[in-house]
Each structure stands twice: as C-alpha cells, then as structure tokens.
$ cat upload.cif   # mmCIF, C-alpha atoms
data_upload
loop_
_atom_site.label_atom_id
_atom_site.label_comp_id
_atom_site.auth_asym_id
_atom_site.auth_seq_id
_atom_site.Cartn_x
_atom_site.Cartn_y
_atom_site.Cartn_z
CA MET Q 11 -2.89 19.68 -24.37
CA LYS Q 12 -5.86 19.48 -22.01
CA ILE Q 13 -5.04 17.76 -18.73
CA SER Q 14 -7.68 16.46 -16.31
CA VAL Q 15 -7.08 15.26 -12.75
CA LEU Q 16 -10.00 13.06 -11.70
CA ASP Q 17 -9.41 12.71 -7.96
CA GLY Q 18 -6.72 15.05 -6.76
CA PHE Q 19 -7.71 15.52 -3.12
CA LEU Q 20 -5.84 12.55 -1.63
CA VAL Q 21 -2.61 13.43 -3.43
CA ASN Q 22 -2.92 17.13 -2.79
CA PRO Q 23 -5.57 18.42 -0.37
CA GLY Q 24 -4.14 21.90 -0.87
CA ASP Q 25 -0.78 21.86 0.87
CA ILE Q 26 1.45 21.47 -2.22
CA SER Q 27 1.56 22.84 -5.76
CA TRP Q 28 0.08 21.36 -8.92
CA ASP Q 29 2.34 23.57 -11.07
CA PRO Q 30 4.70 20.83 -12.30
CA ILE Q 31 1.72 19.19 -14.06
CA ALA Q 32 -0.52 22.24 -14.59
CA SER Q 33 2.18 24.20 -16.41
CA GLN Q 34 2.24 21.66 -19.24
CA GLY Q 35 -1.21 22.38 -20.65
CA GLU Q 36 -4.79 23.45 -20.02
CA PHE Q 37 -5.30 22.11 -16.51
CA GLU Q 38 -8.60 20.98 -14.97
CA LEU Q 39 -8.65 19.77 -11.38
CA HIS Q 40 -11.40 17.61 -9.86
CA GLN Q 41 -10.90 16.91 -6.19
CA PHE Q 42 -13.18 13.87 -6.42
CA THR Q 43 -15.04 12.06 -9.19
CA ASP Q 44 -17.98 9.71 -8.71
CA ALA Q 45 -18.07 6.67 -10.98
CA ALA Q 46 -21.02 8.19 -12.84
CA ASP Q 47 -19.01 11.35 -13.60
CA VAL Q 48 -15.75 9.82 -14.89
CA ILE Q 49 -16.64 10.29 -18.56
CA ALA Q 50 -17.82 13.87 -18.04
CA HIS Q 51 -14.70 14.77 -16.04
CA ILE Q 52 -12.40 13.31 -18.68
CA GLY Q 53 -14.38 15.05 -21.42
CA ASN Q 54 -12.10 16.04 -24.28
CA ALA Q 55 -8.91 15.83 -22.23
CA GLU Q 56 -5.91 14.20 -23.85
CA ALA Q 57 -4.06 13.49 -20.58
CA VAL Q 58 -5.78 12.17 -17.46
CA TYR Q 59 -4.50 11.49 -13.94
CA THR Q 60 -6.27 9.09 -11.59
CA ASN Q 61 -5.69 7.92 -8.07
CA ARG Q 62 -8.56 5.50 -7.45
CA CYS Q 63 -11.08 6.38 -10.16
CA VAL Q 64 -11.69 3.52 -12.57
CA ILE Q 65 -10.98 4.24 -16.24
CA ASP Q 66 -12.50 1.32 -18.13
CA ALA Q 67 -13.23 0.47 -21.75
CA ALA Q 68 -16.49 2.41 -21.70
CA ALA Q 69 -14.71 5.59 -20.57
CA MET Q 70 -12.06 5.18 -23.27
CA GLU Q 71 -14.75 4.63 -25.89
CA ALA Q 72 -16.63 7.75 -24.80
CA CYS Q 73 -13.50 9.94 -24.68
CA PRO Q 74 -11.78 9.58 -28.07
CA ASN Q 75 -9.31 12.43 -27.42
CA LEU Q 76 -7.68 10.44 -24.61
CA LYS Q 77 -4.03 9.71 -25.37
CA TYR Q 78 -2.37 9.42 -21.97
CA ILE Q 79 -3.36 8.08 -18.53
CA ASN Q 80 -1.15 8.35 -15.44
CA SER Q 81 -1.80 6.63 -12.13
CA PHE Q 82 -0.93 8.65 -9.03
CA GLY Q 83 0.93 5.65 -7.67
CA THR Q 84 2.56 2.33 -8.42
CA GLY Q 85 -0.68 0.38 -8.85
CA PHE Q 86 -2.68 0.63 -12.05
CA ASN Q 87 -5.43 -1.93 -11.49
CA MET Q 88 -8.03 0.86 -11.86
CA ILE Q 89 -7.11 1.23 -15.57
CA ASP Q 90 -8.17 -1.23 -18.26
CA ILE Q 91 -4.67 -1.91 -19.56
CA ARG Q 92 -5.69 -4.21 -22.41
CA GLU Q 93 -8.17 -1.70 -23.75
CA ALA Q 94 -5.64 1.13 -23.46
CA GLU Q 95 -3.10 -0.92 -25.39
CA ARG Q 96 -5.68 -1.76 -28.06
CA ARG Q 97 -6.48 1.91 -28.49
CA GLY Q 98 -2.87 3.09 -28.40
CA ILE Q 99 -3.36 5.05 -25.18
CA ALA Q 100 -0.16 5.48 -23.16
CA VAL Q 101 -0.39 4.41 -19.51
CA CYS Q 102 2.19 5.41 -16.90
CA ASN Q 103 2.61 4.80 -13.22
CA VAL Q 104 4.95 6.11 -10.51
CA PRO Q 105 7.16 3.30 -9.21
CA ALA Q 106 9.17 3.61 -6.01
CA TYR Q 107 7.70 6.98 -4.99
CA SER Q 108 6.61 5.71 -1.56
CA THR Q 109 9.30 3.13 -0.87
CA HIS Q 110 10.39 4.57 2.45
CA ALA Q 111 6.98 5.84 3.57
CA VAL Q 112 5.13 2.53 3.15
CA ALA Q 113 7.93 0.52 4.76
CA GLN Q 114 7.82 3.05 7.60
CA MET Q 115 4.07 2.42 7.99
CA ALA Q 116 4.59 -1.35 7.97
CA ALA Q 117 7.18 -0.96 10.71
CA ALA Q 118 4.87 1.36 12.66
CA LEU Q 119 2.07 -1.21 12.57
CA LEU Q 120 4.44 -3.92 13.75
CA LEU Q 121 5.88 -1.77 16.53
CA GLN Q 122 2.39 -0.82 17.73
CA ILE Q 123 1.53 -4.51 18.01
CA ALA Q 124 4.80 -5.27 19.79
CA CYS Q 125 4.91 -2.25 22.11
CA ASN Q 126 1.26 -1.14 22.49
CA THR Q 127 2.37 2.49 22.59
CA ALA Q 128 -1.10 3.82 21.71
CA VAL Q 129 -2.63 1.84 24.58
CA PHE Q 130 -0.10 3.20 27.06
CA ASP Q 131 -0.62 6.74 25.74
CA ASP Q 132 -4.39 6.40 26.11
CA TYR Q 133 -3.94 5.03 29.64
CA ILE Q 134 -1.88 8.01 30.77
CA LYS Q 135 -4.17 10.58 29.16
CA ASN Q 136 -7.49 9.08 30.23
CA ILE Q 137 -6.72 7.19 33.45
CA GLY Q 138 -3.44 8.68 34.62
CA TRP Q 139 -0.25 7.01 35.76
CA VAL Q 140 -0.47 7.55 39.51
CA LYS Q 141 0.58 4.24 41.06
CA PRO Q 142 4.10 2.79 40.91
CA ILE Q 143 2.59 -0.69 41.11
CA ASP Q 144 -0.32 -0.95 38.68
CA PRO Q 145 -1.61 -4.38 37.59
CA ASP Q 146 -3.63 -2.77 34.79
CA LEU Q 147 -0.43 -1.47 33.21
CA THR Q 148 1.53 -4.69 33.55
CA ALA Q 149 -1.39 -6.55 32.00
CA ILE Q 150 -0.87 -4.69 28.71
CA PRO Q 151 1.27 -7.08 26.65
CA GLN Q 152 4.57 -6.21 24.98
CA MET Q 153 7.08 -8.28 23.09
CA GLU Q 154 10.68 -7.97 22.00
CA LEU Q 155 11.19 -8.33 18.26
CA ALA Q 156 14.94 -8.98 18.40
CA GLY Q 157 15.67 -12.63 17.69
CA LYS Q 158 12.33 -13.25 15.97
CA THR Q 159 11.99 -14.16 12.30
CA ILE Q 160 10.14 -11.93 9.86
CA GLY Q 161 8.96 -13.38 6.57
CA ILE Q 162 8.58 -10.84 3.78
CA ILE Q 163 6.31 -11.73 0.87
CA GLY Q 164 7.43 -9.64 -2.09
CA LEU Q 165 10.99 -8.40 -1.74
CA GLY Q 166 10.84 -5.39 -4.03
CA ASP Q 167 11.76 -1.83 -3.10
CA ILE Q 168 9.29 -1.56 -0.20
CA GLY Q 169 9.87 -5.11 1.02
CA GLY Q 170 13.61 -4.52 0.83
CA ASN Q 171 13.31 -1.43 3.02
CA MET Q 172 11.19 -3.37 5.48
CA ALA Q 173 13.89 -6.02 5.57
CA ARG Q 174 16.51 -3.41 6.47
CA ILE Q 175 14.30 -2.04 9.24
CA ALA Q 176 13.77 -5.55 10.60
CA VAL Q 177 17.50 -6.25 10.59
CA ALA Q 178 18.06 -3.01 12.53
CA LEU Q 179 15.57 -4.31 15.10
CA GLY Q 180 17.60 -7.49 15.47
CA MET Q 181 15.27 -9.74 13.48
CA LYS Q 182 16.17 -12.56 11.14
CA VAL Q 183 14.73 -12.05 7.64
CA ILE Q 184 13.45 -14.71 5.28
CA ALA Q 185 11.80 -13.67 2.03
CA TYR Q 186 9.75 -15.03 -0.82
CA ARG Q 187 9.59 -13.62 -4.33
CA ARG Q 188 8.78 -15.22 -7.66
CA ASN Q 189 12.25 -14.57 -9.06
CA PRO Q 190 14.71 -14.60 -6.15
CA ASP Q 191 18.12 -13.05 -6.71
CA PRO Q 192 20.81 -15.04 -4.86
CA LYS Q 193 23.05 -11.94 -4.91
CA MET Q 194 20.64 -10.28 -2.46
CA GLU Q 195 21.18 -12.97 0.15
CA ASN Q 196 23.48 -12.34 3.09
CA GLU Q 197 23.89 -13.39 6.69
CA ASN Q 198 20.71 -11.48 7.59
CA LEU Q 199 18.46 -12.41 4.64
CA LYS Q 200 17.64 -15.70 2.95
CA PHE Q 201 15.16 -16.57 0.21
CA VAL Q 202 12.81 -19.46 0.95
CA SER Q 203 9.74 -21.05 -0.58
CA LEU Q 204 6.35 -19.69 0.41
CA ASP Q 205 5.59 -22.79 2.49
CA GLU Q 206 8.92 -22.43 4.30
CA LEU Q 207 8.12 -18.80 5.02
CA TYR Q 208 4.72 -19.68 6.44
CA ALA Q 209 6.23 -22.40 8.65
CA ASN Q 210 9.11 -20.37 10.08
CA ALA Q 211 8.05 -16.71 10.33
CA ASP Q 212 6.99 -15.15 13.63
CA VAL Q 213 5.90 -12.07 11.65
CA ILE Q 214 4.72 -12.03 8.03
CA SER Q 215 4.84 -8.69 6.20
CA ILE Q 216 3.11 -8.53 2.82
CA HIS Q 217 4.57 -6.34 0.06
CA CYS Q 218 3.58 -8.14 -3.16
CA PRO Q 219 1.32 -6.72 -5.90
CA LEU Q 220 -2.32 -7.73 -6.19
CA ASN Q 221 -2.82 -10.08 -9.12
CA ASP Q 222 -4.57 -13.35 -9.93
CA ASP Q 223 -1.98 -15.32 -7.96
CA SER Q 224 -1.98 -13.15 -4.83
CA ARG Q 225 -5.70 -12.36 -4.56
CA GLY Q 226 -6.99 -14.09 -1.41
CA MET Q 227 -3.69 -15.95 -0.93
CA ILE Q 228 -3.77 -15.56 2.87
CA ASP Q 229 -6.65 -17.99 3.29
CA ASP Q 230 -7.47 -20.90 5.60
CA ALA Q 231 -4.99 -23.20 3.87
CA ALA Q 232 -2.13 -20.70 4.05
CA ILE Q 233 -2.88 -19.78 7.67
CA ALA Q 234 -2.88 -23.47 8.66
CA LYS Q 235 0.77 -23.65 7.54
CA MET Q 236 1.80 -20.70 9.73
CA LYS Q 237 3.23 -20.73 13.23
CA ASP Q 238 0.79 -20.43 16.08
CA GLY Q 239 0.67 -16.81 17.25
CA VAL Q 240 1.96 -15.33 14.02
CA ILE Q 241 1.65 -11.58 13.38
CA LEU Q 242 0.42 -10.39 9.95
CA ILE Q 243 1.30 -6.98 8.52
CA ASN Q 244 -0.31 -5.85 5.26
CA THR Q 245 0.58 -2.62 3.47
CA ALA Q 246 0.16 -4.07 -0.04
CA ARG Q 247 -3.49 -4.55 -1.04
CA GLY Q 248 -6.44 -5.55 1.09
CA ALA Q 249 -7.70 -8.24 -1.26
CA ILE Q 250 -4.55 -10.32 -0.68
CA LEU Q 251 -6.14 -11.36 2.61
CA ASP Q 252 -9.19 -13.57 2.86
CA ASP Q 253 -10.69 -11.43 5.62
CA ALA Q 254 -13.06 -14.08 6.93
CA ALA Q 255 -10.24 -16.62 7.23
CA VAL Q 256 -8.00 -14.10 8.98
CA VAL Q 257 -10.74 -13.18 11.46
CA ARG Q 258 -11.34 -16.86 12.24
CA ALA Q 259 -7.62 -17.24 12.93
CA LEU Q 260 -7.60 -14.15 15.16
CA ASP Q 261 -10.55 -15.50 17.11
CA SER Q 262 -8.90 -18.90 17.57
CA GLY Q 263 -5.52 -17.41 18.53
CA LYS Q 264 -3.73 -18.92 15.54
CA ILE Q 265 -2.94 -15.34 14.50
CA TYR Q 266 -1.83 -13.13 17.41
CA ALA Q 267 -2.53 -9.80 15.73
CA VAL Q 268 -2.89 -8.06 12.38
CA GLY Q 269 -1.66 -4.64 11.35
CA SER Q 270 -3.11 -3.36 8.09
CA ASP Q 271 -3.16 -0.11 6.14
CA VAL Q 272 -5.12 -1.56 3.20
CA TRP Q 273 -8.60 -3.00 2.82
CA ALA Q 274 -11.09 -4.57 0.47
CA PRO Q 275 -13.15 -2.55 -0.20
CA GLU Q 276 -11.79 0.95 0.34
CA PRO Q 277 -12.95 2.87 2.23
CA CYS Q 278 -13.63 0.00 4.60
CA GLY Q 279 -16.62 1.60 6.35
CA LYS Q 280 -17.57 1.25 10.01
CA ASP Q 281 -18.31 -2.48 10.13
CA HIS Q 282 -15.47 -4.19 8.26
CA ILE Q 283 -14.98 -7.59 9.92
CA LEU Q 284 -11.19 -7.32 10.05
CA ALA Q 285 -10.65 -3.58 10.48
CA THR Q 286 -12.92 -3.50 13.54
CA HIS Q 287 -11.45 -6.61 15.17
CA PRO Q 288 -9.98 -5.82 18.62
CA ARG Q 289 -6.64 -7.42 17.72
CA CYS Q 290 -6.27 -5.59 14.42
CA VAL Q 291 -4.33 -2.33 14.26
CA ALA Q 292 -6.08 -0.50 11.41
CA THR Q 293 -5.06 2.58 9.45
CA PRO Q 294 -6.94 4.07 6.45
CA HIS Q 295 -4.46 3.46 3.58
CA MET Q 296 -2.30 6.43 4.50
CA GLY Q 297 1.16 4.87 4.44
CA TRP Q 298 1.89 6.53 1.11
CA ALA Q 299 0.71 9.99 2.21
CA PRO Q 300 3.49 11.97 3.94
CA LYS Q 301 3.87 15.40 2.36
CA GLU Q 302 7.32 14.58 1.03
CA THR Q 303 5.95 11.49 -0.70
CA ARG Q 304 3.04 13.35 -2.29
CA GLU Q 305 5.36 16.07 -3.57
CA ARG Q 306 7.45 13.33 -5.14
CA VAL Q 307 4.36 11.81 -6.81
CA ILE Q 308 3.42 15.09 -8.48
CA ARG Q 309 6.98 15.69 -9.60
CA TYR Q 310 7.34 12.20 -11.10
CA CYS Q 311 3.92 12.43 -12.77
CA ALA Q 312 4.94 15.72 -14.35
CA GLU Q 313 8.18 14.17 -15.60
CA ASN Q 314 6.22 11.26 -17.10
CA LEU Q 315 3.98 13.65 -19.02
CA ALA Q 316 6.93 15.75 -20.20
CA ALA Q 317 8.62 12.61 -21.52
CA PHE Q 318 5.43 11.55 -23.31
CA LEU Q 319 5.11 14.96 -24.98
CA LYS Q 320 8.67 14.61 -26.25
CA GLY Q 321 7.95 11.15 -27.66
CA GLU Q 322 9.94 9.42 -24.94
CA LYS Q 323 8.90 6.57 -22.68
CA GLN Q 324 9.21 6.94 -18.92
CA ASN Q 325 7.49 4.65 -16.42
CA ARG Q 326 5.31 3.31 -19.22
CA ILE Q 327 3.04 0.34 -18.59
CA VAL Q 328 1.64 0.57 -22.14
#
$ encode --input "upload.cif" --output "structure tokens"
Amino acid sequence: MKISVLDGFLVNPGDISWDPIASQGEFELHQFTDAADVIAHIGNAEAVYTNRCVIDAAAMEACPNLKYINSFGTGFNMIDIREAERRGIAVCNVPAYSTHAVAQMAAALLLQIACNTAVFDDYIKNIGWVKPIDPDLTAIPQMELAGKTIGIIGLGDIGGNMARIAVALGMKVIAYRRNPDPKMENENLKFVSLDELYANADVISIHCPLNDDSRGMIDDAAIAKMKDGVILINTARGAILDDAAVVRALDSGKIYAVGSDVWAPEPCGKDHILATHPRCVATPHMGWAPKETRERVIRYCAENLAAFLKGEKQNRIV
C-alpha cells in the first residue's frame, strides 16, 4: 500500500518517528502541501493523512486509487465526507488524543487573564522590580477564580477535563450539551440550558465541535444574554465566534477578556481584529501540540490504518 502524508510538519517537525505509519507500506512524506498540489501529492496513494489540507470531491475524482483518509486529529471538516461515503473511501479520525493538552491550554489562557503572569514577567525582565511600593505593578489587574461560575459549552472529553480543572480552582461549573447525561451531575457540576449558561457564567469556555448550529453562535444576540464582564475562552474552533461581535463587546466592556487558541481563518495573520485586540490573549492553535500528544496522534493513526488493512473498523467516520 502506498501511503502519503500531505502536511506532516505540524504533527512531526522532526522530533518524533513516523515508523508506526511508515512501516505499513510505501511511505511518502510531504511536510506541507499547497491547495494546488493536493492532487499531485496524493497521486496514486491508497492511504492519505491530512492535518489541514482539504481533500474535496475533485481530489477524490482525480485520485481513483484512494481508499483511506485519516485526519491527524479529531476534526474532519477538511474532508468531503459525503463524497468519501459515496465513493466507498474509508475516513478515520483520532478522537480524544489531545484531551488533556487542550484542556490544559484552555486553563492556561484563563489563568493568564486572571493572573497576568506574562505581564508581570515582562515587567521584571524589561523594567525591573526595584521598588517595594510600585503603583505600576499594583495597577496590573488580577482576579481570584475561586467562587466564580464557569459555563462550559460542550461537555465532552476536553470540556470534562476543563470542568475538573475548574473545580480544583474552586469554581462552580455549569454546562451545556445537546444530550445532557444526568448521571454526570454532582455537587460541583450542573447541566443548564444555553440561555441559563449565558446568564449565569462569569467565564464561558467553549469546547463544542464546529457545525451548522455552532458556527457564529457567539454573536451579538448571545453576548447580550451574558453577564457584564464575562470572560470567553475558546479552544474549539475559531468560527464559533462572530469576531466582529466579540470585538464590539470587548470595546464596550461587556466582555472583560478573551483567551483563544483558534481562529478563522488560520493562520490568523498580523491584522486579525480579535487576535490583535489588547484584551485578547492569543495563541496560534498549539494547544494540541505537546510532544506527548503528537506521539499519541501518530500511534493512533497507525493503529487506525492497521485495523483498516485487516478489514476492521477503528475510529471510522465513514
């Protein structure tokens, strides 16, 4: 079997081994693939791995040998699922590979907003802490998270880990999901409607998938239902936020701060209206990228392919 990796650099810039996948066939690695080169880089491969490269109907039509597509992650919005199903092409993803890492990033964004550690670090390194009484230091705001309410939109694996982190910080957790499980509720966590979450959360952390229902859901109407001074954390997908609405709310003070690891589009460039806002803590979609997490991705992707070759289904979307 010929195996082609379209955009391997983000998953493995060279610090880990491709052997778990490469040992299963004739292996071709592309560190990056422009949209115009997708068809050429798939070529006559039967198995293809993609991180962010789009594999659409035209690519499937032009590459008739294609039998298997694996996303290097949980999301698979870059693959035309309907066309793959129509053509009998197997599609796999890697669920739960970054559960702890992404929740860790969400918590880091929240803690930076609450504690301003980067600002204090910059102050010491570039100005110097030389006065015991320093109005410039006391002017840097901090807040205590204990006793505040966090609302988690999308209580899956990552959202569940974020909930546990929040409880450890002394926060009350309310959560919204389409199919709430009453067995998950306890003295620290309650399911509520989306409107109730908006009205009662001091912090809103977004962990739901991007789909037709969630695209642009944090818009002017949703923000109007939120508490004044709410904090937004987004480690899900950038397009869940209506960026213009969020920026208006930051400017008015309705939203206190935003912490986001995800953007629309990606990369977000130098002039993104939200990423460059002074009250937005911005990171370049790296929550999933610790070395341990990337090693896990490659291992799970290899196991998916091995199962496919044996006629078994593992992490199959189609």
$ closest_residue --input "upload.cif" --among "Q:Met172, Q:Ala100, Q:Thr159, Q:Thr109" --to "Glu206 (chain Q)" --atoms "only C-alpha atoms"
Q:Thr159
$ atom_distance --input "upload.cif" --atom1 "CA of Asn126 (chain Q)" --atom2 "CA of Val291 (chain Q)"
10.0 Å
$ closest_atom_pairs --input "upload.cif" --of "region 54-149 of chain Q" --to "region 229-247 of chain Q" --cutoff "12 Å" --atoms "only C-alpha atoms" --output "CSV"
residue,atom,partner,partner_atom,distance
Q:Thr84,CA,Q:Ala246,CA,10.8
Q:Gly85,CA,Q:Arg247,CA,9.7
Q:Asn87,CA,Q:Arg247,CA,10.9
Q:Ser108,CA,Q:Thr245,CA,11.4
Q:Thr109,CA,Q:Thr245,CA,11.3
Q:Ala111,CA,Q:Thr245,CA,10.6
Q:Val112,CA,Q:Thr245,CA,6.9
Q:Ala113,CA,Q:Thr245,CA,8.1
Q:Gln114,CA,Q:Thr245,CA,10.1
Q:Met115,CA,Q:Thr245,CA,7.6
Q:Ala116,CA,Q:Thr245,CA,6.2
Q:Ala117,CA,Q:Ile243,CA,8.7
Q:Ala118,CA,Q:Ile243,CA,10.0
Q:Leu119,CA,Q:Ile243,CA,7.1
Q:Leu120,CA,Q:Ile243,CA,6.8
Q:Leu121,CA,Q:Ile243,CA,10.6
Q:Gln122,CA,Q:Ile243,CA,11.1
Q:Ile123,CA,Q:Ile241,CA,8.5
Q:Ala124,CA,Q:Ile241,CA,9.5
$ atom_distance --input "upload.cif" --atom1 "CA of Asp253 (chain Q)" --atom2 "CA of Pro294 (chain Q)"
16.0 Å
$ residues_near_point --input "upload.cif" --point "(-13.1, -14.5, 16.1)" --cutoff "12 Å" --atoms "all atoms listed in the file" --output "list in words"
Asp253, Ala254, Ala255, Val256, Val257, Arg258, Ala259, Leu260, Asp261, Ser262, Gly263, Lys264, Ile265, Tyr266, Ala267, Ile283, Leu284, Thr286, His287, Pro288, Arg289 and Cys290 of chain Q
$ closest_residue --input "upload.cif" --among "Q:Leu16, Q:Val307, Q:Cys102, Q:Ala178" --to "Val328 (chain Q)" --atoms "only C-alpha atoms"
Q:Cys102
$ closest_residue --input "upload.cif" --among "Q:Asn54, Q:Ser203, Q:Asn61, Q:Thr148" --to "Cys73 (chain Q)" --atoms "all atoms listed in the file"
Q:Asn54
$ atom_distance --input "upload.cif" --atom1 "CA of Asn103 (chain Q)" --atom2 "CA of Pro192 (chain Q)"
28.2 Å
$ closest_residue --input "upload.cif" --among "Q:Ala185, Q:Leu319, Q:Ile216, Q:Ala312" --to "Val268 (chain Q)" --atoms "all atoms listed in the file"
Q:Ile216
$ closest_residue --input "upload.cif" --among "Q:Met88, Q:Ile163, Q:Ala274, Q:Ile13" --to "Val58 (chain Q)" --atoms "only C-alpha atoms"
Q:Ile13
$ decode --input "upload.cif" --residues "region 55-77 of chain Q" --atoms "N, CA and C atoms" --output "PDB file, in the first residue's frame"
ATOM      1  N   ALA Q  55      -1.612   7.190  -4.336  1.00  0.00           N
ATOM      2  CA  ALA Q  55      -1.651   6.643  -2.975  1.00  0.00           C
ATOM      3  C   ALA Q  55      -3.024   6.055  -2.672  1.00  0.00           C
ATOM      4  N   GLU Q  56      -3.011   4.993  -1.887  1.00  0.00           N
ATOM      5  CA  GLU Q  56      -4.261   4.388  -1.425  1.00  0.00           C
ATOM      6  C   GLU Q  56      -4.668   4.928  -0.057  1.00  0.00           C
ATOM      7  N   ALA Q  57      -3.694   5.301   0.761  1.00  0.00           N
ATOM      8  CA  ALA Q  57      -3.953   5.839   2.096  1.00  0.00           C
ATOM      9  C   ALA Q  57      -3.336   7.230   2.204  1.00  0.00           C
ATOM     10  N   VAL Q  58      -4.108   8.176   2.718  1.00  0.00           N
ATOM     11  CA  VAL Q  58      -3.645   9.558   2.812  1.00  0.00           C
ATOM     12  C   VAL Q  58      -3.928  10.087   4.218  1.00  0.00           C
ATOM     13  N   TYR Q  59      -2.958  10.832   4.740  1.00  0.00           N
ATOM     14  CA  TYR Q  59      -3.122  11.501   6.033  1.00  0.00           C
ATOM     15  C   TYR Q  59      -3.096  13.011   5.811  1.00  0.00           C
ATOM     16  N   THR Q  60      -4.017  13.703   6.476  1.00  0.00           N
ATOM     17  CA  THR Q  60      -4.085  15.156   6.353  1.00  0.00           C
ATOM     18  C   THR Q  60      -4.278  15.787   7.715  1.00  0.00           C
ATOM     19  N   ASN Q  61      -3.656  16.939   7.889  1.00  0.00           N
ATOM     20  CA  ASN Q  61      -3.886  17.727   9.092  1.00  0.00           C
ATOM     21  C   ASN Q  61      -4.869  18.849   8.770  1.00  0.00           C
ATOM     22  N   ARG Q  62      -4.475  19.734   7.860  1.00  0.00           N
ATOM     23  CA  ARG Q  62      -5.350  20.856   7.493  1.00  0.00           C
ATOM     24  C   ARG Q  62      -5.572  20.967   5.993  1.00  0.00           C
ATOM     25  N   CYS Q  63      -4.951  20.107   5.211  1.00  0.00           N
ATOM     26  CA  CYS Q  63      -5.171  20.122   3.763  1.00  0.00           C
ATOM     27  C   CYS Q  63      -6.578  19.643   3.439  1.00  0.00           C
ATOM     28  N   VAL Q  64      -7.231  20.350   2.544  1.00  0.00           N
ATOM     29  CA  VAL Q  64      -8.592  19.986   2.138  1.00  0.00           C
ATOM     30  C   VAL Q  64      -8.539  18.866   1.105  1.00  0.00           C
ATOM     31  N   ILE Q  65      -9.316  17.816   1.354  1.00  0.00           N
ATOM     32  CA  ILE Q  65      -9.487  16.735   0.379  1.00  0.00           C
ATOM     33  C   ILE Q  65     -10.949  16.749  -0.029  1.00  0.00           C
ATOM     34  N   ASP Q  66     -11.220  17.320  -1.194  1.00  0.00           N
ATOM     35  CA  ASP Q  66     -12.602  17.524  -1.636  1.00  0.00           C
ATOM     36  C   ASP Q  66     -12.972  16.529  -2.728  1.00  0.00           C
ATOM     37  N   ALA Q  67     -14.155  16.718  -3.288  1.00  0.00           N
ATOM     38  CA  ALA Q  67     -14.653  15.799  -4.314  1.00  0.00           C
ATOM     39  C   ALA Q  67     -13.738  15.774  -5.530  1.00  0.00           C
ATOM     40  N   ALA Q  68     -13.199  16.933  -5.895  1.00  0.00           N
ATOM     41  CA  ALA Q  68     -12.322  16.992  -7.069  1.00  0.00           C
ATOM     42  C   ALA Q  68     -11.065  16.159  -6.845  1.00  0.00           C
ATOM     43  N   ALA Q  69     -10.501  16.210  -5.644  1.00  0.00           N
ATOM     44  CA  ALA Q  69      -9.308  15.413  -5.342  1.00  0.00           C
ATOM     45  C   ALA Q  69      -9.631  13.921  -5.379  1.00  0.00           C
ATOM     46  N   MET Q  70     -10.783  13.555  -4.850  1.00  0.00           N
ATOM     47  CA  MET Q  70     -11.172  12.139  -4.865  1.00  0.00           C
ATOM     48  C   MET Q  70     -11.405  11.649  -6.285  1.00  0.00           C
ATOM     49  N   GLU Q  71     -11.980  12.500  -7.111  1.00  0.00           N
ATOM     50  CA  GLU Q  71     -12.224  12.147  -8.514  1.00  0.00           C
ATOM     51  C   GLU Q  71     -10.907  11.959  -9.261  1.00  0.00           C
ATOM     52  N   ALA Q  72      -9.933  12.804  -8.952  1.00  0.00           N
ATOM     53  CA  ALA Q  72      -8.655  12.764  -9.676  1.00  0.00           C
ATOM     54  C   ALA Q  72      -7.715  11.675  -9.165  1.00  0.00           C
ATOM     55  N   CYS Q  73      -8.038  11.090  -8.016  1.00  0.00           N
ATOM     56  CA  CYS Q  73      -7.152  10.086  -7.398  1.00  0.00           C
ATOM     57  C   CYS Q  73      -7.944   8.798  -7.142  1.00  0.00           C
ATOM     58  N   PRO Q  74      -8.202   8.021  -8.194  1.00  0.00           N
ATOM     59  CA  PRO Q  74      -9.087   6.862  -8.076  1.00  0.00           C
ATOM     60  C   PRO Q  74      -8.535   5.736  -7.206  1.00  0.00           C
ATOM     61  N   ASN Q  75      -7.236   5.724  -6.936  1.00  0.00           N
ATOM     62  CA  ASN Q  75      -6.673   4.676  -6.070  1.00  0.00           C
ATOM     63  C   ASN Q  75      -7.002   4.888  -4.592  1.00  0.00           C
ATOM     64  N   LEU Q  76      -7.473   6.082  -4.255  1.00  0.00           N
ATOM     65  CA  LEU Q  76      -7.662   6.454  -2.854  1.00  0.00           C
ATOM     66  C   LEU Q  76      -8.723   5.577  -2.189  1.00  0.00           C
ATOM     67  N   LYS Q  77      -8.334   4.936  -1.100  1.00  0.00           N
ATOM     68  CA  LYS Q  77      -9.238   4.047  -0.371  1.00  0.00           C
ATOM     69  C   LYS Q  77      -9.403   4.429   1.100  1.00  0.00           C
TER      70      LYS Q  77
END
